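Inspection log for the structure reproduced underneath, given as structure tokens.
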Amino acid sequence: LSGETANGANPAVAVATMAAIAANAEVGCDGDMTYKNVWNNTPKPVTALEAVASSAVKACLDMGACAMVVFAQTMLPAALLSKYKPPVPIVVVTSNHRVAAQCNVVSSLVPMYLPEMGTSDETLPMVLNTIRKLGIAALETGDLESDQVVIMESIGTNPMIGIDWEDRTPIFKVKVVGDELASLIKPTGYEGDHTISFCSTKIGLENIVTTGDTVRKTKIVCTMGPKCWDEESMGKLIDAGMGVARFNFSHGDHEGHGEVLHRLRTVIKKKGSNTAVLLDTKGPEVRTAMLKDHQPI
């Protein structure tokens with residue numbers, strides 16, 4: 001969003017509308033088709049880290065998991081999971097502020113910042129509680145919903161995957177909190193009645209007008225402008241779904257942008273948000289009008 005948030009009459013409403021559109025559009029993505037397309041177009045051989053990440057996403061698709069979790073001190077493991085477009089959110093557990101903020105720029109990633117990190121078994125209850133609070137899944141036995149969570153981590157007492165991942169083997173595992181989907185529905189061959197994708201003819205009016213019940217994975221970038229420079233408006237944008245605040249340095253000066261950035265960081269701190277900041281710097285411009293001798297170039 002650009003002019004809608006920078007100078008529009010209703011910036012927060014514009015963000016909320018975009019968030020609803022994105023959430024509904026995601027329902028129309030076929031996870032298996034997308035995964036195969038990404039995998040088939042990925043140069044081989046892949047690294048061990050990518051092999052584990054792609055396998056984790058494939059397991060998520062095959063078993064109908066409700067969420068994915070990755071313990072990461074760098075963006076690489078989380079980005080590799082996102083690359084294969086799982087149909088569920090990816091909770092990124094990290095103690096790195098920058099990684100938490102950068103998650104707001106990458107599809108499907110949901111940051112969970114923890115200043116101190118224990119073992120996987122010690123941290124997992126907090127992670128599962130976060131999944132419940134965010135509305136990703138209830139994780140309750142008997143609700144006839146999948147309660148499987150795919151987790152990617154390092155072997156050892158420290159589950160974090162960092163820059164030294166080659167020395168500490170990454171793995172993925174599955175945590176079944178309540179019901180396993182395979183025990184709720186009878187596994188069958190594909191009957192062709194549930195395909196919803198960008199090349200499908202089975203998208204009807206009901207799919208379009210019904211609000212999606214999944215957590216939105218698409219990120220929303222909002223250009224900051226006079227209509228959202230005050231703290232109250234910034235708070236409304238964050239609440240409406242803004243993931244990245246864009247500062248357009250083609251307009252204004254550094255001092256003015258600095259004041260807005262200071263107010264934004266104050267609001268982010270108050271809300272406990274991980275909203276990212278994008279600085280769009282002014283680059284060279286080539287003007288092609290009014291040239292000497294009316295030359296076209």
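Going through the structure tokens in order, the chains are called A, B, and so on, while each chain numbers its residues from 1 and the ligands are numbered from 1 in the order shown.
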Exercise: Cys60 (chain A) partners within 12 Å, only C-alpha atoms, chain neighbours under 3 positions left out, as a PyMOL selection string
chain A and resi 31-32+35+53-57+63-69+81+84-90+146-152+172-175+181
Suppose we keep C-alpha atoms; can you now write the selection as a tab-separated table (two decimals), in the first residue's frame?
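Result file follows (part-v8.tsv):
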```tsv
chain	number	residue	atom	x	y	z
A	31	GLY	CA	-0.05	-26.56	-1.48
A	32	ASP	CA	0.95	-29.77	-3.25
A	35	TYR	CA	5.54	-27.41	-3.56
A	53	ALA	CA	13.50	-27.73	5.21
A	54	SER	CA	11.88	-29.04	2.02
A	55	SER	CA	11.29	-32.43	3.65
A	56	ALA	CA	9.65	-30.73	6.63
A	57	VAL	CA	7.24	-28.86	4.35
A	63	MET	CA	0.00	-35.30	7.17
A	64	GLY	CA	-2.13	-32.15	7.12
A	65	ALA	CA	-0.26	-30.41	9.94
A	66	CYS	CA	-1.78	-27.26	11.43
A	67	ALA	CA	1.46	-25.31	11.94
A	68	MET	CA	5.23	-25.33	11.51
A	69	VAL	CA	7.90	-24.16	13.98
A	81	LEU	CA	10.78	-23.20	4.86
A	84	TYR	CA	8.38	-24.14	-0.32
A	85	LYS	CA	5.12	-22.31	0.53
A	86	PRO	CA	3.54	-24.49	3.24
A	87	PRO	CA	-0.22	-23.90	3.60
A	88	VAL	CA	0.17	-23.12	7.32
A	89	PRO	CA	1.97	-20.36	9.26
A	90	ILE	CA	5.60	-20.87	10.31
A	146	SER	CA	-5.48	-31.55	13.04
A	147	ASP	CA	-3.22	-31.00	16.04
A	148	GLN	CA	0.10	-31.88	14.44
A	149	VAL	CA	2.98	-29.40	14.53
A	150	VAL	CA	6.12	-29.88	12.40
A	151	ILE	CA	9.23	-28.59	14.19
A	152	MET	CA	12.64	-27.86	12.65
A	172	PHE	CA	12.64	-31.95	11.81
A	173	LYS	CA	10.19	-33.74	14.07
A	174	VAL	CA	6.43	-33.89	14.60
A	175	LYS	CA	4.56	-33.04	17.78
A	181	LEU	CA	-5.51	-35.94	11.23
```
What's the 10 Å shell around Ser2 (chain A), counting only C-alpha atoms, without same-chain residues fewer than 2 positions away, as a ChimeraX atom specification?
/A:4-8,11,221-225,246,248
Which is closest to Asp30 (chain A) among A:Leu1, A:Met18, A:Asp167, A:Leu61, if we use only C-alpha atoms?
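For Asp30 (chain A), the nearest of the candidates is A:Leu61.
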Among the residues of region 48-158 of chain A, find those DSSP assigns to strand (DSSP E or B) from the backbone and print them as a PyMOL selection string.
chain A and resi 67-72+90-94+109-113+148-154
I'd like the neighbourhood of region 99-113 of chain A as a ChimeraX atom specification, where a residue qualifies if any of its atoms comes within 9 Å (using only C-alpha atoms), though same-chain residues fewer than 6 positions away should be ignored.
/A:72-75,78-79,81-83,85-93,127,130,216-221,242-244,273-277
May I ask which of the residues A:Pro159, A:Asn37, A:Thr94, A:Leu139 is the closest one to Asp121 (chain A), counting only C-alpha atoms?
A:Pro159
One-decimal distance in Å that lies between CA of Ser183 (chain A) and CA of Met33 (chain A)
24.6 Å
